[in-house]
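So the structure is just underneath, and the comments pick up after that.
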Amino acid sequence: MSRISGVFAGLKAEGRAALIPFVEAFDPDRETSLALLKGMAENGADIIEVGMPFTDPMADGPTIQAAGRRGLLAGATLKGTLALVAEFRAGNAHTPIVLMGYLNPICSYGVASFCQDAAKAGVDGLIIVDLPTEEADLVLPDAGTNGLDVIRLIAPTTSDERLPKVLAGSSGFVYYVSITGITGTRTASAEDLARDIPRIRAATDLPIAVGFGVRTPEQAATVAKFADGAIVASALIETLAREDADAVLRDVKRLSAGVKGARAA
Amino acid sequence: MNSVLPNSLRNGPDARGRFGEFGGRYVAETLMPLILELEAAYEAAKADPAFQTELDYYLKHYVGRPSPLWRAERLAKELGGAKIYFKREELNHTGAHKINNCLGQILLAKRMGKTRIIAETGAGQHGVATATVCALFGLPCTIYMGAVDVERQKPNVFRMKLLGAEVVPVSSGSATLKDAMNDALRDWVANVRDTFYIIGTSAGPHPYPAMVRDFQCVIGNEAREQLMEAEGRLPDVAIAAVGGGSNAIGLFHPFLDEEAVKLIGVEAAGKGLETQEHAASLNKGRPGVLHGNRTYLLQDDDGQILEAHSISAGLDYPGIGPEHSWLHDIKRVEYVGVTDAEALAAFRLCTRTEGIIPALESSHAIAHVAKIAGHMDKDQIILLNLSGRGDKDIFAVAQHLGVEL
């Protein structure tokens, strides 16, 4: 069982959903990213999503775009991001790390070497935004060989007929992009989720995590009622830009409480 | 149309939208169903004679097609050597080839029942052409334009606004064309149900590169017929400037299977191919993935996209249409570089000898003609795509010549 599947199996036994906070690598510098990874794992993060900075993040809103720019200015490279994960992994064997980013830096690195090096660094899964199922054969074989989960995005525009096709070859969990839009903008309502999540459940046994527009402990709790995981990114990046890493960790703790209390309420 | 043979170079793309290893559909899942819907709608339109009839009507009566083929005798005399013909796309309504594609796409948008149009623009030519067809059909229109370009292309910004478009300055990233395209894609993701994205060049996810090419092939098809009428034969060389590559692919495509016709694409070499300031993705880039397609890109060792540079805002893009990448790899088209300085000299040469002020984009192609014409025989023929008029560029040119307007 992969580290990701293990976490979801454990949470299922506990009867709660996962909190999946996001860190953009090297935003605003490497030390802060490393401190956030360690601190998030200690403050209630069940899985951590790490953004790989890219100059042209076409699915991301202004907040993550700015974070990526800061990361690049601080010297982020794909190699540097993998080294960051490796350093975190040396002190934490249990919290899964999922890398999220765009295809071009991975192609530039070489898909096969990237998958090998990512697995070696202790990465558990990949979310590649601009790799739809139609092009996924570029990455699936190497990811599979190296035991990396390839986590697929499902959108409100993904039809029931299309779901099985999109889910083919996916593992770890399913990332539900709960709105049509870019990251950190609109928020899906409880009614939206009550309608959408069962539709995906009918098509897969994989856990379903919800992202895009999840900002507060209350929203995370709403998501946790319907789905198996809540992904929070832009809100945390804003806290980091406005305050500091400690403030982010306080947010993570509150979000974690929101997720944990969701089904008890 | 010429018949297309099974082993023709004109058969691409394949079912996955690829020209060789280039092209494809590298978009987020939110957009993927839309891309598939667009592909199906375009295939249906292509198969419907009524669609082509409607497009032909607008091309003739609104754009003013066919555009003339002009024998540039004074220019040829000055250069010595080959005969030179201009395919005069600069005489189209709105002053460039861009309108051919915009009309095709907006007619498709109407067929699909879309009620809102978005587009990206660099210099503003595609933005103006899009705003124009939106005014013609009464559709609301939002144009994304890099904040840097908004500042350096004020006349076109004003034109777009007069035509009723909303112009959104994009300040993310480098605030130029590639960032405008990112924001247009972000808009599309957020407004998937009612919005049609009119991409201005033969790039982006499948089916855009093929669709834009098809709408621009009117250039090469007309030129071929007109040249047969004038000279009774095909050209020895067909030449066009390439940024994203839509005017070039429109000229080249009908000649791809004619082995005797040498095809030359001219990239913007900016301050020189040996510098970091150019837009020569084929000569100096390497394959990667951006804006939905695999193609040659200017990028650093980490796969981060680099800034392009050209005196011509229309060539100032770090990628190129995927079909050009393929034609480059199989060596069917030769891609060369022309610097800012050479383009400026050609701009003046053409204006002085032919009384035609060419766009700085087209001036790149003219500059290469100036390099090769003198080495060719008097009975040889060069066909050049004069893709746009240069009125929009007089401010930039004046600045480079040290003239204050």
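Convention: chains lettered A, B, ... in structure tokens order; per-chain residue numbering from 1; ligands numbered from 1 as shown.
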Could you go through stretch 55-256 of chain A and tell me which residues DSSP, when run on the backbone, assigns to helix (DSSP H, G or I), listing them as a PyMOL selection string? chain A and resi 62-73+78-91+103-109+111-121+133-138+140-145+163-167+190-201+217-226+234-242+245-256
Only residues of chain A matter here; which ones have an atom within 9 Å of chain B, counting only C-alpha atoms? Give them as a CSV table (one decimal) with N, CA, C and O atoms, in the first residue's frame.
chain,number,residue,atom,x,y,z
A,53,PRO,N,7.2,25.7,-8.8
A,53,PRO,CA,7.1,26.9,-9.4
A,53,PRO,C,7.3,26.8,-11.0
A,53,PRO,O,8.2,26.1,-11.4
A,54,PHE,N,6.4,27.6,-11.7
A,54,PHE,CA,6.5,27.6,-13.1
A,54,PHE,C,6.2,29.0,-13.6
A,54,PHE,O,5.4,29.7,-13.0
A,55,THR,N,6.9,29.5,-14.6
A,55,THR,CA,6.7,30.9,-15.1
A,55,THR,C,5.3,31.1,-15.6
A,55,THR,O,4.8,32.2,-15.6
A,56,ASP,N,4.6,30.1,-16.1
A,56,ASP,CA,3.3,30.2,-16.8
A,56,ASP,C,2.2,29.3,-16.3
A,56,ASP,O,1.7,28.4,-17.0
A,57,PRO,N,1.8,29.5,-15.0
A,57,PRO,CA,0.9,28.6,-14.4
A,57,PRO,C,-0.6,28.9,-14.8
A,57,PRO,O,-1.3,29.6,-14.1
A,58,MET,N,-1.0,28.4,-15.9
A,58,MET,CA,-2.2,28.9,-16.6
A,58,MET,C,-3.5,28.5,-15.8
A,58,MET,O,-4.6,29.1,-16.1
A,59,ALA,N,-3.5,27.5,-14.9
A,59,ALA,CA,-4.7,27.2,-14.2
A,59,ALA,C,-4.8,27.9,-12.8
A,59,ALA,O,-5.7,27.7,-12.0
A,60,ASP,N,-3.8,28.7,-12.5
A,60,ASP,CA,-3.7,29.3,-11.1
A,60,ASP,C,-4.1,30.7,-11.1
A,60,ASP,O,-3.9,31.5,-12.0
A,61,GLY,N,-4.7,31.1,-10.0
A,61,GLY,CA,-5.1,32.5,-9.8
A,61,GLY,C,-4.0,33.3,-9.3
A,61,GLY,O,-2.8,32.8,-9.2
A,62,PRO,N,-4.2,34.6,-9.1
A,62,PRO,CA,-3.2,35.6,-8.8
A,62,PRO,C,-2.3,35.2,-7.6
A,62,PRO,O,-1.1,35.4,-7.6
A,65,GLN,N,0.1,32.3,-8.5
A,65,GLN,CA,1.0,32.9,-9.5
A,65,GLN,C,2.1,33.7,-8.8
A,65,GLN,O,3.3,33.5,-9.1
A,66,ALA,N,1.7,34.5,-7.9
A,66,ALA,CA,2.6,35.4,-7.2
A,66,ALA,C,3.6,34.5,-6.4
A,66,ALA,O,4.8,34.8,-6.3
A,69,ARG,N,6.2,33.1,-8.6
A,69,ARG,CA,7.2,34.1,-9.0
A,69,ARG,C,8.2,34.3,-7.8
A,69,ARG,O,9.4,34.3,-8.1
A,77,THR,N,14.2,25.5,-8.5
A,77,THR,CA,14.3,24.7,-9.7
A,77,THR,C,13.6,23.4,-9.3
A,77,THR,O,13.4,23.1,-8.2
A,78,LEU,N,13.4,22.6,-10.3
A,78,LEU,CA,12.8,21.3,-10.1
A,78,LEU,C,13.7,20.4,-9.2
A,78,LEU,O,13.3,19.8,-8.2
A,79,LYS,N,15.0,20.5,-9.5
A,79,LYS,CA,16.0,19.8,-8.7
A,79,LYS,C,16.0,20.3,-7.3
A,79,LYS,O,16.0,19.5,-6.3
A,102,TYR,N,3.3,22.0,-13.5
A,102,TYR,CA,3.1,22.0,-14.9
A,102,TYR,C,4.1,21.1,-15.6
A,102,TYR,O,5.2,20.8,-15.1
A,103,LEU,N,3.7,20.7,-16.9
A,103,LEU,CA,4.5,19.7,-17.6
A,103,LEU,C,5.9,20.2,-18.0
A,103,LEU,O,6.8,19.4,-18.0
A,104,ASN,N,6.0,21.4,-18.5
A,104,ASN,CA,7.3,21.8,-19.2
A,104,ASN,C,8.5,21.5,-18.3
A,104,ASN,O,9.5,21.0,-18.9
A,105,PRO,N,8.6,22.0,-17.1
A,105,PRO,CA,9.8,21.7,-16.3
A,105,PRO,C,10.1,20.2,-16.2
A,105,PRO,O,11.3,19.8,-16.2
A,106,ILE,N,9.0,19.4,-16.1
A,106,ILE,CA,9.2,18.0,-16.0
A,106,ILE,C,9.8,17.4,-17.3
A,106,ILE,O,10.7,16.6,-17.3
A,107,CYS,N,9.2,17.9,-18.4
A,107,CYS,CA,9.8,17.4,-19.7
A,107,CYS,C,11.2,17.8,-19.9
A,107,CYS,O,12.1,17.1,-20.4
A,108,SER,N,11.5,19.0,-19.4
A,108,SER,CA,12.9,19.6,-19.5
A,108,SER,C,13.8,18.7,-18.7
A,108,SER,O,15.0,18.4,-19.1
A,109,TYR,N,13.4,18.3,-17.5
A,109,TYR,CA,14.2,17.5,-16.6
A,109,TYR,C,14.4,16.1,-17.2
A,109,TYR,O,15.4,15.4,-17.0
A,128,ILE,N,-0.2,16.9,-12.3
A,128,ILE,CA,0.3,17.7,-13.4
A,128,ILE,C,-0.9,18.3,-14.1
A,128,ILE,O,-1.7,17.7,-14.7
A,129,VAL,N,-1.0,19.6,-13.8
A,129,VAL,CA,-2.2,20.3,-14.2
A,129,VAL,C,-2.5,20.3,-15.7
A,129,VAL,O,-3.7,20.0,-16.1
A,130,ASP,N,-1.5,20.4,-16.5
A,130,ASP,CA,-1.7,20.5,-18.0
A,130,ASP,C,-1.5,19.1,-18.6
A,130,ASP,O,-1.1,19.1,-19.8
A,131,LEU,N,-1.7,18.1,-17.9
A,131,LEU,CA,-1.6,16.7,-18.5
A,131,LEU,C,-3.0,16.0,-18.4
A,131,LEU,O,-3.2,15.3,-17.4
A,132,PRO,N,-3.9,16.3,-19.3
A,132,PRO,CA,-5.2,15.6,-19.2
A,132,PRO,C,-5.0,14.1,-19.6
A,132,PRO,O,-3.9,13.7,-20.1
A,133,THR,N,-6.1,13.4,-19.4
A,133,THR,CA,-6.0,11.9,-19.6
A,133,THR,C,-5.5,11.6,-21.1
A,133,THR,O,-4.8,10.6,-21.3
A,134,GLU,N,-5.9,12.5,-22.0
A,134,GLU,CA,-5.6,12.2,-23.4
A,134,GLU,C,-4.0,12.2,-23.6
A,134,GLU,O,-3.6,11.6,-24.6
A,135,GLU,N,-3.3,12.9,-22.8
A,135,GLU,CA,-1.8,12.9,-22.9
A,135,GLU,C,-1.1,12.2,-21.8
A,135,GLU,O,0.2,12.2,-21.8
A,152,ARG,N,-5.4,12.5,-10.6
A,152,ARG,CA,-6.1,13.2,-11.7
A,152,ARG,C,-7.0,14.3,-11.2
A,152,ARG,O,-7.7,14.1,-10.1
A,153,LEU,N,-7.1,15.3,-12.0
A,153,LEU,CA,-8.1,16.4,-11.7
A,153,LEU,C,-9.4,16.0,-12.4
A,153,LEU,O,-9.5,15.5,-13.5
A,154,ILE,N,-10.5,16.2,-11.6
A,154,ILE,CA,-11.9,16.1,-12.2
A,154,ILE,C,-12.5,17.5,-12.0
A,154,ILE,O,-12.3,18.1,-11.0
A,155,ALA,N,-13.2,17.9,-13.0
A,155,ALA,CA,-13.8,19.3,-13.0
A,155,ALA,C,-15.3,19.2,-13.1
A,155,ALA,O,-15.8,18.1,-13.5
A,156,PRO,N,-16.0,20.3,-12.7
A,156,PRO,CA,-17.4,20.3,-12.9
A,156,PRO,C,-17.8,20.0,-14.4
A,156,PRO,O,-18.9,19.6,-14.7
A,157,THR,N,-16.9,20.4,-15.3
A,157,THR,CA,-17.2,20.2,-16.7
A,157,THR,C,-17.0,18.7,-17.2
A,157,THR,O,-17.3,18.4,-18.3
A,158,THR,N,-16.4,17.9,-16.3
A,158,THR,CA,-16.1,16.5,-16.7
A,158,THR,C,-17.4,15.7,-16.6
A,158,THR,O,-18.1,15.6,-15.6
A,159,SER,N,-17.9,15.3,-17.8
A,159,SER,CA,-19.2,14.6,-17.9
A,159,SER,C,-19.2,13.2,-17.3
A,159,SER,O,-18.1,12.6,-17.1
A,162,ARG,N,-17.4,10.9,-19.4
A,162,ARG,CA,-15.9,11.1,-19.5
A,162,ARG,C,-15.2,10.6,-18.3
A,162,ARG,O,-14.0,10.3,-18.3
A,166,VAL,N,-11.2,9.6,-17.6
A,166,VAL,CA,-10.3,10.4,-16.9
A,166,VAL,C,-9.7,9.6,-15.7
A,166,VAL,O,-8.5,9.8,-15.3
A,177,VAL,N,-11.7,19.5,-8.7
A,177,VAL,CA,-11.6,21.0,-8.8
A,177,VAL,C,-13.1,21.5,-8.8
A,177,VAL,O,-13.8,21.3,-9.7
A,179,ILE,N,-14.8,24.1,-8.7
A,179,ILE,CA,-15.4,25.2,-9.4
A,179,ILE,C,-14.9,25.2,-10.8
A,179,ILE,O,-13.8,24.7,-11.1
A,180,THR,N,-15.6,25.9,-11.7
A,180,THR,CA,-15.0,26.2,-13.0
A,180,THR,C,-14.3,27.5,-12.9
A,180,THR,O,-15.0,28.5,-12.7
A,181,GLY,N,-13.0,27.5,-12.8
A,181,GLY,CA,-12.3,28.7,-12.6
A,181,GLY,C,-10.9,28.4,-12.1
A,181,GLY,O,-10.5,27.3,-12.1
A,182,ILE,N,-10.2,29.5,-11.8
A,182,ILE,CA,-8.8,29.3,-11.4
A,182,ILE,C,-8.7,29.2,-9.9
A,182,ILE,O,-9.7,29.4,-9.2
Leaving out stretch 230-240 of chain A and any residue of its chain fewer than 6 positions from it, which residues lie within 7 Å of it when counting only C-alpha atoms, given as a ChimeraX atom specification? /A:18-22,63-64,184,209-211,214-215,220,223-224,247-248
Generate a file of the selected residues that holds all heavy atoms, formatted as a short mmCIF file (atom, residue, chain, number, x, y, z; two decimals), in the first residue's frame.
data_model
loop_
_atom_site.label_atom_id
_atom_site.label_comp_id
_atom_site.auth_asym_id
_atom_site.auth_seq_id
_atom_site.Cartn_x
_atom_site.Cartn_y
_atom_site.Cartn_z
N ALA A 18 -9.21 14.04 5.30
CA ALA A 18 -7.82 14.51 5.38
C ALA A 18 -7.75 16.02 5.17
O ALA A 18 -8.51 16.57 4.38
CB ALA A 18 -6.98 13.82 4.29
N LEU A 19 -6.81 16.65 5.87
CA LEU A 19 -6.49 18.05 5.57
C LEU A 19 -5.22 18.06 4.72
O LEU A 19 -4.20 17.48 5.12
CB LEU A 19 -6.26 18.85 6.85
CG LEU A 19 -5.76 20.29 6.57
CD1 LEU A 19 -6.83 21.12 5.87
CD2 LEU A 19 -5.30 20.97 7.86
N ILE A 20 -5.30 18.70 3.57
CA ILE A 20 -4.17 18.73 2.64
C ILE A 20 -3.79 20.18 2.36
O ILE A 20 -4.32 20.82 1.46
CB ILE A 20 -4.52 18.01 1.31
CG1 ILE A 20 -5.11 16.62 1.61
CG2 ILE A 20 -3.28 17.91 0.41
CD1 ILE A 20 -5.58 15.86 0.38
N PRO A 21 -2.88 20.76 3.17
CA PRO A 21 -2.43 22.11 2.90
C PRO A 21 -1.36 22.13 1.81
O PRO A 21 -0.78 21.10 1.48
CB PRO A 21 -1.85 22.57 4.24
CG PRO A 21 -1.40 21.31 4.89
CD PRO A 21 -2.27 20.18 4.38
N PHE A 22 -1.16 23.33 1.27
CA PHE A 22 -0.28 23.52 0.12
C PHE A 22 0.87 24.45 0.47
O PHE A 22 0.69 25.45 1.17
CB PHE A 22 -1.13 24.14 -1.00
CG PHE A 22 -0.38 24.51 -2.26
CD1 PHE A 22 -0.33 23.63 -3.34
CD2 PHE A 22 0.26 25.74 -2.39
CE1 PHE A 22 0.34 23.97 -4.52
CE2 PHE A 22 0.93 26.09 -3.56
CZ PHE A 22 0.96 25.20 -4.63
N THR A 63 -2.94 34.58 -6.58
CA THR A 63 -2.20 34.27 -5.35
C THR A 63 -1.09 33.24 -5.60
O THR A 63 0.06 33.43 -5.22
CB THR A 63 -3.16 33.75 -4.28
OG1 THR A 63 -4.15 34.75 -4.05
CG2 THR A 63 -2.44 33.43 -3.00
N ILE A 64 -1.46 32.13 -6.27
CA ILE A 64 -0.46 31.09 -6.51
C ILE A 64 0.53 31.54 -7.59
O ILE A 64 1.72 31.21 -7.53
CB ILE A 64 -1.12 29.73 -6.86
CG1 ILE A 64 -1.95 29.27 -5.64
CG2 ILE A 64 -0.08 28.68 -7.22
CD1 ILE A 64 -2.58 27.91 -5.79
N GLY A 184 -8.25 29.60 -5.94
CA GLY A 184 -8.34 30.69 -4.96
C GLY A 184 -9.39 31.74 -5.26
O GLY A 184 -9.35 32.83 -4.72
N ALA A 209 -10.58 14.21 -2.88
CA ALA A 209 -10.21 15.44 -2.17
C ALA A 209 -10.71 16.62 -2.99
O ALA A 209 -10.75 16.57 -4.22
CB ALA A 209 -8.70 15.52 -2.00
N VAL A 210 -11.11 17.67 -2.28
CA VAL A 210 -11.69 18.84 -2.95
C VAL A 210 -10.77 20.05 -2.79
O VAL A 210 -10.32 20.34 -1.67
CB VAL A 210 -13.09 19.16 -2.38
CG1 VAL A 210 -13.62 20.49 -2.95
CG2 VAL A 210 -14.06 18.03 -2.68
N GLY A 211 -10.51 20.73 -3.89
CA GLY A 211 -9.68 21.92 -3.84
C GLY A 211 -10.25 23.04 -4.67
O GLY A 211 -11.36 22.90 -5.21
N VAL A 214 -11.26 26.52 -1.23
CA VAL A 214 -11.47 26.14 0.16
C VAL A 214 -10.55 27.01 1.01
O VAL A 214 -9.33 26.92 0.90
CB VAL A 214 -11.15 24.64 0.39
CG1 VAL A 214 -11.51 24.24 1.82
CG2 VAL A 214 -11.87 23.78 -0.62
N ARG A 215 -11.12 27.88 1.85
CA ARG A 215 -10.31 28.90 2.51
C ARG A 215 -10.37 28.85 4.04
O ARG A 215 -9.38 29.05 4.72
CB ARG A 215 -10.74 30.29 2.05
CG ARG A 215 -10.70 30.48 0.52
CD ARG A 215 -11.06 31.91 0.13
NE ARG A 215 -10.12 32.84 0.72
CZ ARG A 215 -8.98 33.22 0.15
NH1 ARG A 215 -8.65 32.76 -1.03
NH2 ARG A 215 -8.18 34.05 0.76
N ALA A 220 -13.63 24.13 5.09
CA ALA A 220 -12.95 22.84 5.13
C ALA A 220 -13.87 21.80 5.78
O ALA A 220 -13.93 20.64 5.34
CB ALA A 220 -11.64 22.95 5.91
N VAL A 223 -16.51 20.74 3.28
CA VAL A 223 -15.91 19.80 2.33
C VAL A 223 -15.76 18.42 2.97
O VAL A 223 -16.07 17.39 2.37
CB VAL A 223 -14.54 20.32 1.83
CG1 VAL A 223 -13.76 19.21 1.14
CG2 VAL A 223 -14.72 21.51 0.90
N ALA A 224 -15.30 18.43 4.23
CA ALA A 224 -15.01 17.16 4.91
C ALA A 224 -16.26 16.33 5.15
O ALA A 224 -16.19 15.12 5.36
CB ALA A 224 -14.30 17.45 6.24
N ALA A 247 2.07 32.07 11.52
CA ALA A 247 0.66 32.35 11.30
C ALA A 247 0.03 31.29 10.40
O ALA A 247 -1.11 30.87 10.61
CB ALA A 247 0.50 33.74 10.68
N VAL A 248 0.79 30.82 9.41
CA VAL A 248 0.30 29.76 8.53
C VAL A 248 0.03 28.50 9.35
O VAL A 248 -1.01 27.84 9.19
CB VAL A 248 1.31 29.45 7.40
CG1 VAL A 248 0.85 28.26 6.57
CG2 VAL A 248 1.51 30.68 6.51
#
I'd like the contact shell of A:Ala86 - 6 Å cut-off, only C-alpha atoms, skipping same-chain residues fewer than 2 positions apart - returned as a ChimeraX atom specification. /A:83-84,88-89,121-122
Of the listed residues B:Val128, B:Leu344, B:Leu69, B:Ala180, that which approaches B:Asp149 most closely, counting only C-alpha atoms: B:Ala180
Neighbour list for B:Pro254 as a compact mmCIF listing (two decimals) with C-alpha atoms, in the first residue's frame, cut-off 10 Å, only C-alpha atoms, skip fewer than 4 positions in-chain:
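Contents of selection34.txt, as written:
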# COMPACT_ATOMS: atom_id res chain seq x y z
CA MET B 1 -8.42 23.04 -53.47
CA ASN B 2 -5.75 20.60 -54.57
CA VAL B 4 -4.52 15.62 -50.87
CA LEU B 9 2.54 16.54 -45.97
CA ARG B 10 -0.86 18.20 -45.74
CA CYS B 217 -4.92 28.76 -46.18
CA VAL B 218 -7.00 31.16 -48.27
CA ILE B 219 -3.71 33.12 -48.57
CA GLY B 220 -1.72 30.34 -50.20
CA ASN B 221 -4.64 29.03 -52.25
CA GLU B 222 -5.32 32.44 -53.79
CA ALA B 223 -1.64 33.21 -54.32
CA ARG B 224 -1.11 29.90 -56.09
CA ILE B 249 1.36 28.37 -42.47
CA GLY B 250 -1.47 29.92 -44.48
CA GLU B 258 5.32 20.89 -54.27
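Residue neighbourhood of B:Lys60, excluding near-sequence residues (fewer than 3 positions): Gln52, Thr53, Glu54, Leu55, Asp56, Tyr57, Val63, Gly64, Arg65, Pro66, Ser67, Asn92, His93, Ile99, Asn100, Leu103 and Val218 of chain B, at 12 Å, using only C-alpha atoms.
For the atom pair formed by atom CA of A:Pro96 and atom CA of A:Arg199, the distance is 26.6 Å, given to one decimal.
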Sort by chain and increasing residue number a table of all residues of stretch 135-225 of chain A within 9 Å of stretch 249-256 of chain A, each with its closest pair of atoms and their distance in Å to one decimal, counting only C-alpha atoms, and write it as CSV.
residue,atom,partner,partner_atom,distance
A:Arg215,CA,A:Leu255,CA,8.8
A:Thr216,CA,A:Leu255,CA,6.8
A:Pro217,CA,A:Leu255,CA,4.4
A:Glu218,CA,A:Leu255,CA,8.0
A:Gln219,CA,A:Leu255,CA,8.9
A:Ala220,CA,A:Leu255,CA,6.5
A:Ala221,CA,A:Leu255,CA,8.0
Convert the current residue selection to file output with N, CA, C and O atoms, as a PDB file, in the first residue's frame.
ATOM      1  N   ARG A 215     -11.120  27.882   1.845  1.00  0.00           N
ATOM      2  CA  ARG A 215     -10.310  28.901   2.511  1.00  0.00           C
ATOM      3  C   ARG A 215     -10.373  28.853   4.039  1.00  0.00           C
ATOM      4  O   ARG A 215      -9.376  29.047   4.716  1.00  0.00           O
ATOM      5  N   THR A 216     -11.544  28.634   4.598  1.00  0.00           N
ATOM      6  CA  THR A 216     -11.717  28.760   6.045  1.00  0.00           C
ATOM      7  C   THR A 216     -11.936  27.395   6.700  1.00  0.00           C
ATOM      8  O   THR A 216     -12.266  26.421   6.015  1.00  0.00           O
ATOM      9  N   PRO A 217     -11.777  27.325   8.047  1.00  0.00           N
ATOM     10  CA  PRO A 217     -12.077  26.078   8.759  1.00  0.00           C
ATOM     11  C   PRO A 217     -13.520  25.628   8.506  1.00  0.00           C
ATOM     12  O   PRO A 217     -13.780  24.439   8.364  1.00  0.00           O
ATOM     13  N   GLU A 218     -14.445  26.601   8.393  1.00  0.00           N
ATOM     14  CA  GLU A 218     -15.850  26.244   8.147  1.00  0.00           C
ATOM     15  C   GLU A 218     -16.007  25.605   6.774  1.00  0.00           C
ATOM     16  O   GLU A 218     -16.709  24.597   6.615  1.00  0.00           O
ATOM     17  N   GLN A 219     -15.336  26.209   5.769  1.00  0.00           N
ATOM     18  CA  GLN A 219     -15.419  25.632   4.419  1.00  0.00           C
ATOM     19  C   GLN A 219     -14.752  24.256   4.381  1.00  0.00           C
ATOM     20  O   GLN A 219     -15.263  23.336   3.733  1.00  0.00           O
ATOM     21  N   ALA A 220     -13.633  24.131   5.089  1.00  0.00           N
ATOM     22  CA  ALA A 220     -12.949  22.836   5.133  1.00  0.00           C
ATOM     23  C   ALA A 220     -13.866  21.798   5.777  1.00  0.00           C
ATOM     24  O   ALA A 220     -13.928  20.639   5.344  1.00  0.00           O
ATOM     25  N   ALA A 221     -14.608  22.226   6.808  1.00  0.00           N
ATOM     26  CA  ALA A 221     -15.529  21.312   7.480  1.00  0.00           C
ATOM     27  C   ALA A 221     -16.649  20.892   6.532  1.00  0.00           C
ATOM     28  O   ALA A 221     -17.041  19.716   6.482  1.00  0.00           O
TER      29      ALA A 221
END
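Between atom CA of B:Arg352 and atom CA of B:Arg74 lies a distance of 9.4 Å.
Counting from atom CA of B:Arg116, the distance to atom CA of B:Leu36 is 18.8 Å.
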